[in-house]
>>> print(open('structure-v2.cif').read())   # mmCIF, C-alpha atoms and all ligand atoms
data_entry
loop_
_atom_site.label_atom_id
_atom_site.label_comp_id
_atom_site.auth_asym_id
_atom_site.auth_seq_id
_atom_site.Cartn_x
_atom_site.Cartn_y
_atom_site.Cartn_z
CA MET N 1 -34.11 53.64 -40.89
CA ARG N 2 -37.23 52.10 -42.46
CA ARG N 3 -37.77 48.40 -41.79
CA ARG N 4 -37.87 46.22 -44.90
CA ILE N 5 -40.94 44.04 -44.90
CA SER N 6 -42.60 41.51 -47.23
CA ILE N 7 -46.13 40.15 -47.10
CA PHE N 8 -46.87 36.69 -48.51
CA GLY N 9 -50.61 36.27 -49.03
CA ALA N 10 -51.08 40.06 -49.12
CA THR N 11 -54.45 39.87 -50.91
CA GLY N 12 -56.05 37.66 -48.23
CA SER N 13 -57.68 38.42 -44.91
CA ILE N 14 -54.45 38.44 -42.86
CA GLY N 15 -52.53 40.16 -45.65
CA GLN N 16 -55.09 42.98 -45.87
CA SER N 17 -55.07 43.48 -42.09
CA THR N 18 -51.26 43.63 -42.19
CA LEU N 19 -51.36 46.22 -44.95
CA ASP N 20 -53.89 48.24 -42.96
CA LEU N 21 -51.34 48.54 -40.14
CA VAL N 22 -48.43 49.19 -42.49
CA ARG N 23 -50.27 51.96 -44.38
CA ARG N 24 -50.91 53.78 -41.10
CA ARG N 25 -47.14 54.24 -40.65
CA PRO N 26 -45.78 54.98 -44.14
CA ASP N 27 -42.49 56.40 -42.84
CA ASP N 28 -41.62 53.28 -40.85
CA PHE N 29 -41.70 50.58 -43.53
CA HIS N 30 -40.18 49.88 -46.91
CA VAL N 31 -42.22 47.17 -48.66
CA VAL N 32 -40.05 44.68 -50.51
CA ALA N 33 -42.52 42.08 -51.82
CA LEU N 34 -46.27 41.58 -51.89
CA THR N 35 -47.70 38.28 -53.10
CA GLY N 36 -51.12 36.96 -54.06
CA ALA N 37 -52.65 34.34 -56.29
CA ARG N 38 -55.84 35.18 -58.21
CA ASN N 39 -56.87 38.60 -56.90
CA ILE N 40 -54.65 40.53 -59.28
CA ALA N 41 -56.61 43.79 -59.07
CA GLN N 42 -56.03 43.92 -55.28
CA LEU N 43 -52.36 43.02 -55.69
CA ILE N 44 -51.83 45.81 -58.22
CA GLN N 45 -53.68 48.38 -56.10
CA ASP N 46 -51.73 47.51 -52.94
CA ALA N 47 -48.33 47.25 -54.66
CA LYS N 48 -48.83 50.76 -56.02
CA ALA N 49 -50.15 52.14 -52.72
CA VAL N 50 -47.13 50.97 -50.71
CA ARG N 51 -44.61 51.24 -53.60
CA ALA N 52 -43.48 47.64 -53.29
CA GLU N 53 -40.28 46.54 -55.04
CA VAL N 54 -41.98 43.48 -56.52
CA ALA N 55 -45.46 41.97 -56.78
CA VAL N 56 -45.75 38.23 -57.29
CA THR N 57 -48.69 36.05 -58.20
CA SER N 58 -48.38 32.32 -57.61
CA ASP N 59 -50.45 31.77 -60.76
CA PRO N 60 -48.31 32.04 -63.93
CA SER N 61 -51.41 32.40 -66.12
CA ARG N 62 -52.06 35.81 -64.47
CA LEU N 63 -48.59 37.30 -65.07
CA ALA N 64 -49.56 39.35 -68.14
CA GLU N 65 -52.44 40.95 -66.25
CA LEU N 66 -50.15 41.80 -63.32
CA ARG N 67 -47.46 43.19 -65.65
CA ASP N 68 -49.97 45.35 -67.51
CA GLY N 69 -51.37 46.73 -64.26
CA LEU N 70 -47.91 47.67 -62.99
CA ALA N 71 -46.54 49.03 -66.29
CA GLY N 72 -44.79 52.36 -65.83
CA THR N 73 -44.69 52.14 -62.01
CA GLY N 74 -41.18 50.70 -61.66
CA ILE N 75 -42.63 47.82 -59.62
CA ALA N 76 -41.43 44.44 -60.89
CA ALA N 77 -44.00 41.74 -61.65
CA ALA N 78 -43.32 38.01 -61.36
CA ALA N 79 -45.23 34.74 -61.20
CA GLY N 80 -44.99 31.11 -60.16
CA ASP N 81 -43.44 29.10 -57.35
CA ALA N 82 -39.84 30.03 -58.23
CA ALA N 83 -40.77 33.71 -58.17
CA LEU N 84 -42.27 33.28 -54.69
CA ILE N 85 -39.01 31.74 -53.49
CA GLU N 86 -37.00 34.51 -55.14
CA ALA N 87 -39.19 37.07 -53.37
CA ALA N 88 -38.64 35.28 -50.03
CA ALA N 89 -34.88 35.42 -50.59
CA ARG N 90 -34.88 39.22 -51.01
CA PRO N 91 -33.36 40.93 -47.97
CA ALA N 92 -36.13 41.81 -45.49
CA ASP N 93 -36.22 42.41 -41.75
CA TRP N 94 -39.78 41.11 -41.26
CA VAL N 95 -41.83 38.75 -43.39
CA MET N 96 -45.53 37.97 -42.97
CA SER N 97 -46.34 34.36 -43.89
CA ALA N 98 -50.07 34.49 -44.73
CA ILE N 99 -50.50 32.28 -47.78
CA VAL N 100 -53.28 29.79 -47.11
CA GLY N 101 -52.41 26.08 -47.13
CA VAL N 102 -49.20 24.10 -47.42
CA ALA N 103 -48.22 26.39 -50.34
CA GLY N 104 -47.01 28.78 -47.61
CA LEU N 105 -44.37 26.39 -46.32
CA ALA N 106 -41.60 26.80 -48.93
CA PRO N 107 -41.55 30.63 -49.00
CA GLY N 108 -41.55 30.73 -45.19
CA LEU N 109 -38.62 28.31 -45.02
CA GLU N 110 -36.72 30.36 -47.59
CA ALA N 111 -37.28 33.55 -45.58
CA LEU N 112 -35.97 31.78 -42.44
CA ARG N 113 -32.87 30.63 -44.33
CA HIS N 114 -32.10 34.33 -44.81
CA GLY N 115 -32.29 34.99 -41.08
CA THR N 116 -35.40 37.14 -41.13
CA THR N 117 -38.13 37.55 -38.51
CA LEU N 118 -41.03 35.46 -39.76
CA ALA N 119 -44.49 36.48 -38.57
CA LEU N 120 -46.25 33.15 -38.94
CA ALA N 121 -49.97 33.14 -39.69
CA ASN N 122 -49.70 30.15 -42.03
CA LYS N 123 -50.47 27.38 -39.53
CA GLU N 124 -49.92 24.67 -42.14
CA SER N 125 -46.15 25.30 -41.92
CA LEU N 126 -45.99 24.10 -38.31
CA VAL N 127 -48.55 21.33 -38.84
CA THR N 128 -46.75 19.80 -41.81
CA ALA N 129 -43.13 20.51 -40.93
CA GLY N 130 -42.86 21.94 -37.42
CA PRO N 131 -39.45 20.46 -36.52
CA LEU N 132 -37.99 21.51 -39.89
CA LEU N 133 -39.27 25.07 -39.47
CA MET N 134 -37.98 25.42 -35.91
CA GLN N 135 -34.62 23.87 -36.81
CA THR N 136 -34.22 26.13 -39.87
CA ALA N 137 -34.88 29.19 -37.70
CA ARG N 138 -32.30 28.02 -35.14
CA GLU N 139 -29.65 27.27 -37.76
CA HIS N 140 -29.97 30.66 -39.42
CA GLY N 141 -30.49 32.86 -36.38
CA ALA N 142 -33.99 33.68 -37.57
CA THR N 143 -36.99 34.42 -35.34
CA ILE N 144 -40.49 33.01 -35.68
CA LEU N 145 -43.30 35.04 -34.13
CA PRO N 146 -46.69 33.34 -33.96
CA VAL N 147 -49.58 35.30 -35.47
CA ASP N 148 -52.40 32.80 -35.05
CA SER N 149 -54.41 34.56 -32.33
CA GLU N 150 -54.19 31.73 -29.77
CA HIS N 151 -50.44 31.28 -30.23
CA SER N 152 -49.77 35.00 -30.10
CA ALA N 153 -51.77 34.95 -26.84
CA VAL N 154 -49.69 32.08 -25.40
CA PHE N 155 -46.47 33.76 -26.55
CA GLN N 156 -47.50 36.96 -24.75
CA ALA N 157 -48.51 35.07 -21.59
CA LEU N 158 -45.07 33.43 -21.56
CA ILE N 159 -43.02 36.63 -21.75
CA GLY N 160 -40.60 36.58 -18.81
CA GLU N 161 -41.72 33.06 -17.79
CA ASP N 162 -39.85 29.76 -17.72
CA ILE N 163 -41.48 27.18 -20.02
CA ARG N 164 -40.54 24.50 -17.46
CA ALA N 165 -43.05 26.05 -15.04
CA VAL N 166 -45.89 25.55 -17.52
CA GLU N 167 -48.30 22.77 -16.60
CA ARG N 168 -50.77 23.26 -19.42
CA ILE N 169 -51.69 25.42 -22.35
CA ILE N 170 -55.40 25.94 -23.05
CA ILE N 171 -56.43 27.32 -26.40
CA THR N 172 -60.00 28.47 -26.77
CA ALA N 173 -62.38 27.55 -29.60
CA SER N 174 -65.45 29.49 -30.66
CA GLY N 175 -67.19 26.23 -31.59
CA GLY N 176 -67.66 27.48 -35.15
CA ALA N 177 -70.74 28.01 -37.28
CA PHE N 178 -72.64 24.95 -36.04
CA ARG N 179 -71.82 24.84 -32.35
CA ASP N 180 -75.52 25.02 -31.38
CA ARG N 181 -77.02 23.06 -34.28
CA PRO N 182 -78.46 19.58 -33.59
CA LEU N 183 -75.88 16.95 -34.53
CA SER N 184 -78.40 15.35 -36.90
CA ASP N 185 -78.40 18.54 -39.06
CA LEU N 186 -74.68 18.43 -39.77
CA ASP N 187 -74.94 15.96 -42.65
CA HIS N 188 -76.91 18.55 -44.60
CA VAL N 189 -75.35 21.94 -43.81
CA SER N 190 -74.32 24.04 -46.82
CA VAL N 191 -70.98 25.55 -47.80
CA ALA N 192 -72.50 29.03 -47.41
CA GLU N 193 -73.60 28.27 -43.83
CA ALA N 194 -70.23 26.75 -42.95
CA SER N 195 -68.51 29.88 -44.30
CA GLN N 196 -70.09 32.15 -41.64
CA HIS N 197 -67.95 32.46 -38.53
CA PRO N 198 -69.76 33.58 -35.36
CA ASN N 199 -67.02 36.03 -34.29
CA TRP N 200 -64.09 36.38 -36.69
CA ASN N 201 -63.93 37.75 -40.21
CA MET N 202 -61.48 35.41 -42.01
CA GLY N 203 -60.82 33.64 -45.31
CA GLN N 204 -63.32 30.97 -46.37
CA ARG N 205 -61.05 27.97 -45.78
CA ILE N 206 -60.14 28.72 -42.16
CA THR N 207 -63.77 29.65 -41.50
CA ILE N 208 -65.01 26.24 -42.61
CA ASP N 209 -62.15 24.65 -40.66
CA SER N 210 -63.48 26.45 -37.58
CA ALA N 211 -66.88 24.86 -38.11
CA THR N 212 -65.40 21.33 -38.26
CA MET N 213 -62.78 22.29 -35.64
CA PHE N 214 -60.06 21.19 -38.02
CA ASN N 215 -58.79 24.69 -37.32
CA LYS N 216 -58.53 23.90 -33.60
CA ALA N 217 -56.97 20.52 -34.41
CA MET N 218 -54.29 22.33 -36.40
CA GLU N 219 -53.81 24.79 -33.57
CA LEU N 220 -53.24 22.00 -31.02
CA ILE N 221 -50.52 20.62 -33.30
CA GLU N 222 -49.12 24.13 -33.85
CA THR N 223 -48.91 24.58 -30.07
CA LYS N 224 -46.95 21.36 -29.66
CA GLU N 225 -44.54 22.27 -32.46
CA PHE N 226 -43.97 25.94 -31.65
CA PHE N 227 -43.79 25.81 -27.85
CA GLU N 228 -42.27 22.32 -27.86
CA VAL N 229 -44.52 20.99 -25.10
CA GLY N 230 -45.98 17.47 -24.89
CA PRO N 231 -49.46 16.83 -26.34
CA ASP N 232 -50.82 15.83 -22.93
CA ARG N 233 -50.27 19.37 -21.66
CA ILE N 234 -52.30 21.00 -24.45
CA GLU N 235 -56.07 21.42 -24.15
CA THR N 236 -58.92 23.19 -25.84
CA ILE N 237 -62.17 24.54 -24.47
CA VAL N 238 -65.21 25.98 -26.21
CA HIS N 239 -65.53 29.68 -25.44
CA PRO N 240 -68.34 31.07 -27.62
CA GLU N 241 -67.39 34.75 -27.20
CA SER N 242 -63.81 34.40 -28.60
CA LEU N 243 -62.56 37.07 -26.18
CA ILE N 244 -60.10 34.93 -24.25
CA HIS N 245 -57.74 33.57 -26.89
CA ALA N 246 -55.62 31.27 -24.75
CA LEU N 247 -54.62 30.55 -21.16
CA VAL N 248 -51.34 29.31 -19.73
CA GLY N 249 -51.47 27.28 -16.52
CA PHE N 250 -48.36 27.40 -14.29
CA ASN N 251 -47.13 24.99 -11.63
CA ASP N 252 -48.28 27.31 -8.83
CA GLY N 253 -51.89 27.07 -10.00
CA ALA N 254 -51.98 30.46 -11.75
CA LEU N 255 -53.83 30.68 -15.06
CA MET N 256 -52.72 33.61 -17.23
CA ALA N 257 -55.38 34.50 -19.80
CA HIS N 258 -54.98 36.71 -22.85
CA VAL N 259 -58.16 38.74 -23.41
CA GLY N 260 -58.91 40.94 -26.41
CA PRO N 261 -61.39 41.69 -29.18
CA PRO N 262 -61.65 39.27 -32.12
CA ASP N 263 -59.50 41.44 -34.40
CA MET N 264 -56.39 39.95 -35.98
CA ARG N 265 -54.75 43.37 -36.12
CA HIS N 266 -53.82 42.82 -32.48
CA ALA N 267 -51.78 39.63 -33.10
CA ILE N 268 -50.38 40.98 -36.38
CA GLY N 269 -49.51 44.32 -34.80
CA PHE N 270 -47.92 42.62 -31.81
CA ALA N 271 -45.63 40.71 -34.20
CA LEU N 272 -44.97 43.81 -36.30
CA ASN N 273 -43.93 45.87 -33.26
CA TRP N 274 -42.20 43.11 -31.29
CA PRO N 275 -40.24 43.35 -29.03
CA GLU N 276 -41.92 46.71 -28.33
CA ARG N 277 -45.61 47.31 -27.75
CA ARG N 278 -47.20 50.20 -29.63
CA THR N 279 -50.69 51.62 -29.85
CA LEU N 280 -52.92 49.55 -32.14
CA PRO N 281 -56.27 50.47 -33.72
CA VAL N 282 -58.30 47.71 -32.04
CA GLU N 283 -61.41 48.01 -29.89
CA ARG N 284 -60.86 48.37 -26.12
CA LEU N 285 -63.11 45.89 -24.33
CA ASP N 286 -65.76 47.11 -21.92
CA LEU N 287 -65.93 44.18 -19.50
CA ALA N 288 -68.94 45.54 -17.61
CA LYS N 289 -70.85 45.63 -20.89
CA ILE N 290 -69.73 42.09 -21.77
CA GLY N 291 -70.93 40.93 -18.37
CA GLN N 292 -70.03 37.26 -18.56
CA LEU N 293 -67.82 34.80 -20.38
CA ASN N 294 -68.84 31.20 -21.08
CA PHE N 295 -66.93 27.96 -21.36
CA ARG N 296 -67.84 24.37 -22.13
CA ALA N 297 -66.03 21.15 -22.91
CA PRO N 298 -65.89 20.29 -26.63
CA ASP N 299 -68.16 17.38 -27.62
CA PRO N 300 -66.01 14.72 -29.37
CA ALA N 301 -69.00 13.52 -31.42
CA ARG N 302 -69.53 17.01 -32.84
CA TYR N 303 -65.81 17.63 -33.36
CA PRO N 304 -64.04 14.38 -34.38
CA ALA N 305 -61.14 16.48 -35.72
CA LEU N 306 -59.92 16.98 -32.15
CA GLY N 307 -59.37 13.25 -31.65
CA LEU N 308 -57.43 13.17 -34.90
CA ALA N 309 -55.19 16.00 -33.69
CA SER N 310 -54.28 13.96 -30.64
CA ARG N 311 -53.36 11.03 -32.84
CA VAL N 312 -51.23 13.24 -35.12
CA MET N 313 -49.39 14.75 -32.16
CA HIS N 314 -48.64 11.35 -30.64
CA GLU N 315 -47.51 9.77 -33.94
CA GLY N 316 -45.39 12.76 -35.01
CA GLY N 317 -42.99 12.77 -37.98
CA LEU N 318 -44.78 13.20 -41.28
CA THR N 319 -48.23 12.37 -39.87
CA GLY N 320 -49.02 16.10 -39.68
CA ALA N 321 -48.24 16.55 -43.39
CA VAL N 322 -50.58 13.67 -44.27
CA PHE N 323 -53.29 15.00 -41.97
CA ASN N 324 -53.05 18.49 -43.44
CA ALA N 325 -53.07 17.32 -47.07
CA ALA N 326 -56.08 15.06 -46.48
CA LYS N 327 -57.84 17.94 -44.73
CA GLU N 328 -57.05 20.37 -47.58
CA GLN N 329 -58.33 17.85 -50.13
CA ALA N 330 -61.48 17.05 -48.15
CA LEU N 331 -62.16 20.78 -47.84
CA ASP N 332 -61.76 21.23 -51.61
CA LEU N 333 -64.31 18.44 -52.11
CA PHE N 334 -66.76 19.98 -49.64
CA ILE N 335 -66.46 23.45 -51.21
CA ALA N 336 -67.00 21.89 -54.65
CA GLY N 337 -70.18 20.20 -53.38
CA GLN N 338 -68.68 16.73 -53.77
CA CYS N 339 -68.94 15.58 -50.18
CA ARG N 340 -70.95 16.35 -47.08
CA PHE N 341 -69.71 18.45 -44.16
CA THR N 342 -69.50 15.36 -41.93
CA ASP N 343 -67.62 13.34 -44.59
CA MET N 344 -64.55 15.52 -44.20
CA ALA N 345 -63.41 14.17 -40.82
CA ARG N 346 -64.17 10.58 -41.87
CA MET N 347 -62.08 10.93 -45.03
CA VAL N 348 -59.14 12.51 -43.21
CA ASP N 349 -59.29 9.77 -40.57
CA ARG N 350 -59.16 7.02 -43.21
CA THR N 351 -56.31 8.66 -45.13
CA VAL N 352 -54.22 9.07 -41.99
CA ASP N 353 -54.99 5.45 -41.06
CA VAL N 354 -54.02 4.01 -44.43
CA MET N 355 -50.87 6.08 -44.76
CA LEU N 356 -49.72 5.19 -41.25
CA THR N 357 -49.95 1.50 -42.17
CA ARG N 358 -48.24 1.98 -45.57
CA HIS N 359 -45.36 4.22 -44.48
CA ARG N 360 -43.19 4.74 -41.45
CA LEU N 361 -44.45 8.29 -41.10
CA GLN N 362 -43.52 8.54 -37.43
CA ASN N 363 -39.80 8.04 -38.02
CA ALA N 364 -39.43 9.82 -41.34
CA THR N 365 -37.08 12.76 -41.70
CA ILE N 366 -39.01 15.94 -42.36
CA THR N 367 -37.72 17.65 -45.49
CA LEU N 368 -39.59 19.81 -47.98
CA ASP N 369 -39.40 17.01 -50.55
CA ASN N 370 -40.73 14.41 -48.10
CA VAL N 371 -43.60 16.70 -47.15
CA ARG N 372 -44.43 17.20 -50.84
CA ASP N 373 -44.34 13.45 -51.53
CA VAL N 374 -46.70 12.46 -48.71
CA ASP N 375 -48.87 15.50 -49.42
CA ALA N 376 -49.44 14.35 -53.02
CA GLU N 377 -50.15 10.77 -51.97
CA ALA N 378 -52.54 11.83 -49.20
CA ARG N 379 -54.51 14.07 -51.58
CA ALA N 380 -54.77 11.29 -54.17
CA ARG N 381 -55.77 8.78 -51.52
CA THR N 382 -58.48 11.13 -50.16
CA CYS N 383 -59.94 11.63 -53.67
CA GLU N 384 -59.86 7.88 -54.29
CA ASP N 385 -61.61 7.31 -50.96
CA ARG N 386 -64.32 9.78 -51.97
CA ALA N 387 -64.76 8.07 -55.36
CA ASN N 388 -65.05 4.62 -53.72
CA THR N 389 -67.55 5.67 -51.07
CA LYS N 390 -69.76 7.90 -53.26
CA GLY N 391 -73.31 6.66 -52.84
N1 LIG K 1 -57.82 35.00 -41.41
C1 LIG K 1 -57.48 34.90 -40.14
O1 LIG K 1 -57.97 35.66 -39.29
C2 LIG K 1 -56.47 33.89 -39.70
C3 LIG K 1 -55.73 33.15 -40.62
N2 LIG K 1 -54.77 32.28 -40.21
C4 LIG K 1 -54.01 31.53 -41.21
O2 LIG K 1 -53.38 32.46 -42.09
C5 LIG K 1 -53.33 31.95 -43.42
C6 LIG K 1 -54.09 32.91 -44.34
O3 LIG K 1 -55.45 32.92 -43.98
P1 LIG K 1 -56.49 33.94 -44.62
O4 LIG K 1 -55.84 35.28 -44.73
O5 LIG K 1 -57.74 33.79 -43.88
O6 LIG K 1 -56.68 33.32 -46.08
P2 LIG K 1 -57.28 34.00 -47.36
O7 LIG K 1 -57.92 32.93 -48.16
O8 LIG K 1 -58.08 35.20 -47.03
O9 LIG K 1 -55.97 34.50 -48.14
C7 LIG K 1 -55.03 33.59 -48.62
C8 LIG K 1 -53.91 34.27 -49.34
O10 LIG K 1 -53.09 33.27 -49.96
C9 LIG K 1 -53.07 33.47 -51.40
N3 LIG K 1 -53.02 32.13 -52.00
C10 LIG K 1 -54.04 31.25 -52.15
N4 LIG K 1 -53.59 30.10 -52.70
C11 LIG K 1 -52.26 30.29 -52.92
C12 LIG K 1 -51.23 29.46 -53.47
N5 LIG K 1 -51.47 28.22 -53.92
N6 LIG K 1 -49.97 29.96 -53.55
C13 LIG K 1 -49.70 31.20 -53.10
N7 LIG K 1 -50.63 32.05 -52.58
C14 LIG K 1 -51.89 31.57 -52.48
C15 LIG K 1 -54.33 34.24 -51.69
O11 LIG K 1 -54.26 34.92 -52.91
P3 LIG K 1 -55.58 35.47 -53.74
O12 LIG K 1 -56.52 35.96 -52.69
O13 LIG K 1 -54.99 36.58 -54.57
O14 LIG K 1 -56.12 34.36 -54.54
C16 LIG K 1 -54.36 35.18 -50.49
O15 LIG K 1 -53.40 36.20 -50.65
C17 LIG K 1 -53.94 30.55 -43.33
O16 LIG K 1 -52.93 29.63 -43.12
C18 LIG K 1 -54.85 30.63 -42.10
O17 LIG K 1 -55.07 29.39 -41.50
C19 LIG K 1 -54.47 32.10 -38.89
C20 LIG K 1 -55.18 32.78 -37.94
C21 LIG K 1 -56.23 33.72 -38.26
C1 LIG K 2 -58.44 34.38 -35.50
C2 LIG K 2 -57.88 33.04 -35.32
O1 LIG K 2 -56.83 32.85 -34.78
C3 LIG K 2 -58.65 31.89 -35.82
O2 LIG K 2 -57.85 30.74 -35.93
C4 LIG K 2 -59.75 31.68 -34.84
O3 LIG K 2 -59.19 31.07 -33.73
C5 LIG K 2 -60.84 30.86 -35.43
O4 LIG K 2 -61.78 30.63 -34.49
P1 LIG K 2 -62.18 29.19 -33.93
O5 LIG K 2 -61.37 28.15 -34.62
O6 LIG K 2 -61.95 29.28 -32.47
O7 LIG K 2 -63.62 29.13 -34.32
MN MN K 3 -56.52 30.77 -34.38
#
>>> encode(input="structure-v2.cif", output="structure tokens")
Amino acid sequence: MRRRISIFGATGSIGQSTLDLVRRRPDDFHVVALTGARNIAQLIQDAKAVRAEVAVTSDPSRLAELRDGLAGTGIAAAAGDAALIEAAARPADWVMSAIVGVAGLAPGLEALRHGTTLALANKESLVTAGPLLMQTAREHGATILPVDSEHSAVFQALIGEDIRAVERIIITASGGAFRDRPLSDLDHVSVAEASQHPNWNMGQRITIDSATMFNKAMELIETKEFFEVGPDRIETIVHPESLIHALVGFNDGALMAHVGPPDMRHAIGFALNWPERRTLPVERLDLAKIGQLNFRAPDPARYPALGLASRVMHEGGLTGAVFNAAKEQALDLFIAGQCRFTDMARMVDRTVDVMLTRHRLQNATITLDNVRDVDAEARARTCEDRANTKG
């Protein structure tokens, strides 16, 4: 019996790695839905290659192009937010959530409502609405498998363990594009420089978030929400080689580390094959050749996003949704050349500050509508902040 799978964000970095694994085992999978946004040529090519039931673009202005490309294939074409939700509601055994940004939240929730296994790469879902996501999975008997490399690593280190015996979870950070640059340079670094990750090949947004460590900030919050452990038991450490992805510290002093090459096909393949392990096409590490691994404490002056993560975790409620929206907006401004690299953390900090004083974010119920409301306000507030401080 072939497993029915769907891939949201199929045209992106995670989506393409997922398809690479799926195409290697054509007899094992039936592809229900593939989704993308603007890369219609890729979406058409992949939908045909795996004979998907439906291909969806989130961008309604690209529907005609998608339809034309799929004409005569029997593959349905659809567009827009409602079409993404409809695709998520189609019966599937396994769904990859790899849309970038908070746009990935609603399709993931819809898939969970249908009791599927959700392979979760989209970290914004847990950051903006962790309790809602976890509760939805519980209510519908669905399973969430973490795909973010650090969380997949923690998940694997916890197999057969009792979470009550966990003293701490340490997620590693590469330090990003500017880890060795003088702090005084950071005001003037370019978008192109920030888009070069030292170890991983990923989409542009997460790559820049690695350079600011907003990515790690999100991952600390993700850890709290997914593993349901207190913020004071979650740490990060700079590990420039990105070979250890995470460590779990137990109450008997043992530290269990997950070690592997920086290739997302491991974490994706682990989720695809779970609860089994199967052979995956990733490099086998030669430790003698690697020789040594390095670690250092993150410098809070270089990475102010980490302090913000701690605040978000302690405040809770809708603070994560505000934080994420401000971060997405600040990133848009940086990519558009409208703010400096170092402005991003300052803007997010101010937006979180203002919105915490204006709203009772900590005690708010987390619903999709509430997330959307605070998301819109946080984006507007971040743009306004930029306009007011523009020198
Ligand atoms: N890349 C990685 O190694 C890792 C990624 N992640 C997380 O996984 C997610 C995906 O990352 P990554 O693959 O790098 O991102 P990419 O930018 O490479 O891909 C994003 C995908 O989302 C689609 N998309 C963009 N905007 C929208 C929208 N508004 N609505 C619907 N679809 C949209 C894109 O379509 P199109 O390209 O057609 O425009 C593309 O398919 C992110 O949340 C990221 O943080 C987590 C760990 C590692
Ligand atoms: C592959 C992955 O999971 C990324 O989130 C990765 O962790 C980014 O690297 P850093 O954020 O550590 O630079
Ligand atoms: Mn990660």
>>> residues_around(input="structure-v2.cif", residues="N:Ala387", least_positions_apart="4", cutoff="12 Å", atoms="all atoms listed in the file", output="PyMOL selection string")
chain N and resi 330+333+338-339+347+380-383+391
>>> closest_residue(input="structure-v2.cif", among="N:Phe226, N:Trp200, N:Phe295, N:Phe270", to="ligand MN 3 (chain K)", atoms="only C-alpha atoms and all ligand atoms")
N:Trp200
>>> residues_near_ligand(input="structure-v2.cif", ligand="ligand MN 3 (chain K)", cutoff="12 Å", atoms="only C-alpha atoms and all ligand atoms", output="compact mmCIF listing (two decimals) with C-alpha atoms, in the frame of the given file")
# COMPACT_ATOMS: atom_id res chain seq x y z
CA ILE N 14 -54.45 38.44 -42.86
CA LEU N 120 -46.25 33.15 -38.94
CA ALA N 121 -49.97 33.14 -39.69
CA ASN N 122 -49.70 30.15 -42.03
CA LYS N 123 -50.47 27.38 -39.53
CA GLU N 124 -49.92 24.67 -42.14
CA PRO N 146 -46.69 33.34 -33.96
CA VAL N 147 -49.58 35.30 -35.47
CA ASP N 148 -52.40 32.80 -35.05
CA SER N 149 -54.41 34.56 -32.33
CA GLU N 150 -54.19 31.73 -29.77
CA HIS N 151 -50.44 31.28 -30.23
CA SER N 152 -49.77 35.00 -30.10
CA ALA N 153 -51.77 34.95 -26.84
CA VAL N 154 -49.69 32.08 -25.40
CA ILE N 171 -56.43 27.32 -26.40
CA THR N 172 -60.00 28.47 -26.77
CA ALA N 173 -62.38 27.55 -29.60
CA SER N 174 -65.45 29.49 -30.66
CA GLY N 175 -67.19 26.23 -31.59
CA GLY N 176 -67.66 27.48 -35.15
CA ASN N 199 -67.02 36.03 -34.29
CA TRP N 200 -64.09 36.38 -36.69
CA ASN N 201 -63.93 37.75 -40.21
CA MET N 202 -61.48 35.41 -42.01
CA ILE N 206 -60.14 28.72 -42.16
CA THR N 207 -63.77 29.65 -41.50
CA ASP N 209 -62.15 24.65 -40.66
CA SER N 210 -63.48 26.45 -37.58
CA MET N 213 -62.78 22.29 -35.64
CA PHE N 214 -60.06 21.19 -38.02
CA ASN N 215 -58.79 24.69 -37.32
CA LYS N 216 -58.53 23.90 -33.60
CA ALA N 217 -56.97 20.52 -34.41
CA MET N 218 -54.29 22.33 -36.40
CA GLU N 219 -53.81 24.79 -33.57
CA LEU N 220 -53.24 22.00 -31.02
CA ILE N 221 -50.52 20.62 -33.30
CA GLU N 222 -49.12 24.13 -33.85
CA THR N 223 -48.91 24.58 -30.07
CA THR N 236 -58.92 23.19 -25.84
CA SER N 242 -63.81 34.40 -28.60
CA LEU N 243 -62.56 37.07 -26.18
CA ILE N 244 -60.10 34.93 -24.25
CA HIS N 245 -57.74 33.57 -26.89
CA ALA N 246 -55.62 31.27 -24.75
CA PRO N 262 -61.65 39.27 -32.12
CA ASP N 263 -59.50 41.44 -34.40
CA MET N 264 -56.39 39.95 -35.98
CA ALA N 267 -51.78 39.63 -33.10
>>> closest_residue(input="structure-v2.cif", among="N:Arg311, N:Arg113, N:Lys390, N:Arg284", to="N:Arg340", atoms="only C-alpha atoms")
N:Lys390
>>> closest_residue(input="structure-v2.cif", among="N:Val191, N:Ala119, N:Leu112, N:Ala103", to="N:Gly337", atoms="all atoms listed in the file")
N:Val191
>>> residues_near_point(input="structure-v2.cif", point="(-49.2, 16.8, -46.5)", cutoff="6 Å", atoms="all atoms listed in the file", output="mmCIF file with C-alpha atoms, in the coordinates of the input")
data_model
loop_
_atom_site.group_PDB
_atom_site.id
_atom_site.type_symbol
_atom_site.label_atom_id
_atom_site.label_comp_id
_atom_site.auth_asym_id
_atom_site.auth_seq_id
_atom_site.Cartn_x
_atom_site.Cartn_y
_atom_site.Cartn_z
ATOM 1 C CA ALA N 321 -48.240 16.550 -43.390
ATOM 2 C CA VAL N 322 -50.580 13.670 -44.270
ATOM 3 C CA ASN N 324 -53.050 18.490 -43.440
ATOM 4 C CA ALA N 325 -53.070 17.320 -47.070
ATOM 5 C CA VAL N 371 -43.600 16.700 -47.150
ATOM 6 C CA VAL N 374 -46.700 12.460 -48.710
ATOM 7 C CA ASP N 375 -48.870 15.500 -49.420
#
